[in-house]
Amino acid sequence: MTTIITRVQHKDLYDRMGTSAMDTAWGAVKFIAEGNHSGLPHIANSYNQLGAKATSDILIFCHDDVVFMEPGWDFKLADYFDNNDVDVLGVDGSAVRDLGC
C-alpha cells in the first residue's frame, strides 16, 4: 500500500489531487492529510508528524496541488524501488518530466 501525506492549504486542489490519485492507482492508496490552518508546525516538522502515522511501505509527501496522471503510478513506483538500489525519491520544481518509473 502507498500512503499520500499532505497538508491541505486549498481544499479544491486537495480534492483534485485525491481524485487523480485514486483514478490512476491500481492498488490501495491511503491518505493522511491535515489542514494547513490547524496550527501545524513548520512544513518539515508537520510532514514528519503526519508521516509518523503511516504504516505503508511507500510514503509520498506532496503538496495539495499535485495531480497524478500516469495510470498505475503506484505499481510503477513500487517496481522502481524493488528493482533499484534507492530508498528515497524526491521531486522538486514544476516541470513535467518522465523519470522512467
# chains A, B, ... in the order shown; residues from 1 in each chain; ligands from 1

$ residues_around --residues "His63 (chain A)" --least-positions-apart "6" --cutoff "12 Å" --atoms "only C-alpha atoms" --output "ChimeraX atom specification"
/A:4-11,13-18,32-36,43-44,47,91-94

$ write_last_selection --atoms "C-alpha atoms" --output "PDB file, in the first residue's frame"
ATOM      1  CA  ILE A   4      -0.023  10.058   0.344  1.00  0.00           C
ATOM      2  CA  ILE A   5       0.760  12.618   3.028  1.00  0.00           C
ATOM      3  CA  THR A   6      -0.081  16.272   2.572  1.00  0.00           C
ATOM      4  CA  ARG A   7      -1.010  19.475   4.302  1.00  0.00           C
ATOM      5  CA  VAL A   8      -4.198  20.869   2.821  1.00  0.00           C
ATOM      6  CA  GLN A   9      -3.984  24.524   2.025  1.00  0.00           C
ATOM      7  CA  HIS A  10      -6.633  24.576  -0.712  1.00  0.00           C
ATOM      8  CA  LYS A  11      -9.461  22.044  -0.404  1.00  0.00           C
ATOM      9  CA  LEU A  13      -6.766  21.334  -5.053  1.00  0.00           C
ATOM     10  CA  TYR A  14      -6.625  18.562  -2.458  1.00  0.00           C
ATOM     11  CA  ASP A  15      -9.874  17.095  -3.799  1.00  0.00           C
ATOM     12  CA  ARG A  16      -8.436  17.189  -7.340  1.00  0.00           C
ATOM     13  CA  MET A  17      -5.224  15.530  -6.128  1.00  0.00           C
ATOM     14  CA  GLY A  18      -7.130  12.793  -4.310  1.00  0.00           C
ATOM     15  CA  ILE A  32      -3.053  11.254   5.646  1.00  0.00           C
ATOM     16  CA  ALA A  33      -3.885  14.921   5.392  1.00  0.00           C
ATOM     17  CA  GLU A  34      -4.392  17.790   7.733  1.00  0.00           C
ATOM     18  CA  GLY A  35      -5.440  21.342   7.097  1.00  0.00           C
ATOM     19  CA  ASN A  36      -2.590  23.805   6.992  1.00  0.00           C
ATOM     20  CA  ILE A  43       6.293  22.218   6.983  1.00  0.00           C
ATOM     21  CA  ALA A  44       9.160  19.741   7.571  1.00  0.00           C
ATOM     22  CA  TYR A  47       5.252  16.259   7.445  1.00  0.00           C
ATOM     23  CA  VAL A  91      10.688  15.653  -6.700  1.00  0.00           C
ATOM     24  CA  ASP A  92      11.034  19.400  -6.921  1.00  0.00           C
ATOM     25  CA  GLY A  93      10.161  22.135  -9.350  1.00  0.00           C
ATOM     26  CA  SER A  94       7.139  22.375 -11.559  1.00  0.00           C
TER      27      SER A  94
END

$ select_by_dssp --residues "region 7-85 of chain A" --states "strand (DSSP E)" --output "list in words"
Arg7, Val8, Val29, Lys30, Phe31, Ile32, Ala33, Glu34, Gly35, Ile58, Leu59, Ile60 and Phe61 of chain A

$ write_last_selection --atoms "all heavy atoms" --output "CSV table (one decimal), in the first residue's frame"
chain,number,residue,atom,x,y,z
A,7,ARG,N,-0.3,18.4,3.5
A,7,ARG,CA,-1.0,19.5,4.3
A,7,ARG,C,-1.9,20.2,3.3
A,7,ARG,O,-1.5,20.6,2.2
A,7,ARG,CB,0.0,20.5,4.9
A,7,ARG,CG,0.9,19.9,5.9
A,7,ARG,CD,1.8,20.8,6.6
A,7,ARG,NE,2.0,22.1,6.0
A,7,ARG,CZ,2.5,23.1,6.7
A,7,ARG,NH1,2.9,22.9,7.9
A,7,ARG,NH2,2.6,24.3,6.2
A,8,VAL,N,-3.2,20.3,3.7
A,8,VAL,CA,-4.2,20.9,2.8
A,8,VAL,C,-4.3,22.4,3.0
A,8,VAL,O,-4.7,22.8,4.1
A,8,VAL,CB,-5.6,20.2,3.0
A,8,VAL,CG1,-6.6,20.8,2.1
A,8,VAL,CG2,-5.5,18.7,2.9
A,29,VAL,N,-4.5,3.0,-2.0
A,29,VAL,CA,-3.9,4.2,-1.6
A,29,VAL,C,-4.6,4.8,-0.4
A,29,VAL,O,-5.8,4.8,-0.3
A,29,VAL,CB,-3.9,5.2,-2.8
A,29,VAL,CG1,-3.3,6.6,-2.3
A,29,VAL,CG2,-3.3,4.7,-4.0
A,30,LYS,N,-3.8,5.1,0.6
A,30,LYS,CA,-4.3,5.7,1.8
A,30,LYS,C,-3.9,7.2,1.8
A,30,LYS,O,-2.8,7.6,1.3
A,30,LYS,CB,-3.8,5.0,3.0
A,30,LYS,CG,-4.3,5.5,4.3
A,30,LYS,CD,-3.7,4.7,5.5
A,30,LYS,CE,-4.2,5.3,6.8
A,30,LYS,NZ,-3.6,4.6,8.0
A,31,PHE,N,-4.7,8.0,2.5
A,31,PHE,CA,-4.3,9.5,2.6
A,31,PHE,C,-4.2,9.9,4.0
A,31,PHE,O,-5.1,9.5,4.9
A,31,PHE,CB,-5.4,10.3,1.9
A,31,PHE,CG,-5.5,10.1,0.4
A,31,PHE,CD1,-6.3,9.2,-0.1
A,31,PHE,CD2,-4.8,11.0,-0.4
A,31,PHE,CE1,-6.4,9.0,-1.5
A,31,PHE,CE2,-4.9,10.8,-1.8
A,31,PHE,CZ,-5.7,9.8,-2.3
A,32,ILE,N,-3.2,10.6,4.3
A,32,ILE,CA,-3.1,11.3,5.6
A,32,ILE,C,-2.9,12.7,5.3
A,32,ILE,O,-1.9,13.2,4.7
A,32,ILE,CB,-1.8,10.7,6.4
A,32,ILE,CG1,-2.0,9.2,6.7
A,32,ILE,CG2,-1.7,11.5,7.7
A,32,ILE,CD1,-0.8,8.6,7.5
A,33,ALA,N,-3.9,13.5,5.7
A,33,ALA,CA,-3.9,14.9,5.4
A,33,ALA,C,-4.4,15.7,6.6
A,33,ALA,O,-5.2,15.2,7.3
A,33,ALA,CB,-4.7,15.2,4.2
A,34,GLU,N,-3.9,16.9,6.7
A,34,GLU,CA,-4.4,17.8,7.7
A,34,GLU,C,-4.4,19.2,7.2
A,34,GLU,O,-3.5,19.6,6.4
A,34,GLU,CB,-3.5,17.7,9.0
A,34,GLU,CG,-4.1,18.4,10.1
A,34,GLU,CD,-3.6,18.0,11.5
A,34,GLU,OE1,-3.1,16.8,11.6
A,34,GLU,OE2,-3.6,18.8,12.4
A,35,GLY,N,-5.4,20.0,7.5
A,35,GLY,CA,-5.4,21.3,7.1
A,35,GLY,C,-4.2,22.1,7.6
A,35,GLY,O,-3.8,22.0,8.7
A,58,ILE,N,5.5,2.6,1.2
A,58,ILE,CA,5.8,3.8,0.4
A,58,ILE,C,5.0,5.0,0.9
A,58,ILE,O,3.8,4.9,1.0
A,58,ILE,CB,5.5,3.5,-1.1
A,58,ILE,CG1,6.4,2.4,-1.6
A,58,ILE,CG2,5.8,4.8,-1.9
A,58,ILE,CD1,6.2,1.9,-3.0
A,59,LEU,N,5.8,6.0,1.2
A,59,LEU,CA,5.1,7.3,1.7
A,59,LEU,C,5.4,8.3,0.6
A,59,LEU,O,6.6,8.5,0.2
A,59,LEU,CB,5.7,7.7,3.0
A,59,LEU,CG,5.7,6.7,4.1
A,59,LEU,CD1,6.3,7.3,5.4
A,59,LEU,CD2,4.3,6.1,4.4
A,60,ILE,N,4.4,9.0,0.2
A,60,ILE,CA,4.6,10.1,-0.7
A,60,ILE,C,4.2,11.4,0.0
A,60,ILE,O,3.1,11.6,0.4
A,60,ILE,CB,3.7,10.0,-2.0
A,60,ILE,CG1,4.1,8.7,-2.7
A,60,ILE,CG2,3.7,11.2,-2.9
A,60,ILE,CD1,3.2,8.4,-3.9
A,61,PHE,N,5.2,12.3,0.2
A,61,PHE,CA,5.0,13.6,0.8
A,61,PHE,C,4.8,14.6,-0.3
A,61,PHE,O,5.7,14.8,-1.1
A,61,PHE,CB,6.2,14.0,1.7
A,61,PHE,CG,6.4,13.1,2.9
A,61,PHE,CD1,7.1,11.9,2.8
A,61,PHE,CD2,5.8,13.4,4.1
A,61,PHE,CE1,7.3,11.1,3.9
A,61,PHE,CE2,6.0,12.5,5.2
A,61,PHE,CZ,6.7,11.4,5.1

$ select_by_dssp --residues "chain A" --states "alpha helix (DSSP H)" --output "number ranges by chain"
A: 11-24, 43-51, 73-83

$ closest_residue --among "A:Asp23, A:Met69, A:Thr2, A:Leu89" --to "Ala54 (chain A)" --atoms "only C-alpha atoms"
A:Thr2

$ atom_distance --atom1 "CA of Asn84 (chain A)" --atom2 "CA of Phe68 (chain A)"
22.1 Å

$ atom_distance --atom1 "CA of Gln49 (chain A)" --atom2 "CA of Cys62 (chain A)"
14.1 Å

$ atom_distance --atom1 "CA of Gly72 (chain A)" --atom2 "CA of Gly27 (chain A)"
8.0 Å

$ closest_residue --among "A:Leu77, A:Thr3, A:Trp26, A:Glu70" --to "Leu50 (chain A)" --atoms "only C-alpha atoms"
A:Thr3

$ closest_residue --among "A:Asp57, A:Pro71, A:Met1, A:His42" --to "Asp87 (chain A)" --atoms "only C-alpha atoms"
A:Asp57
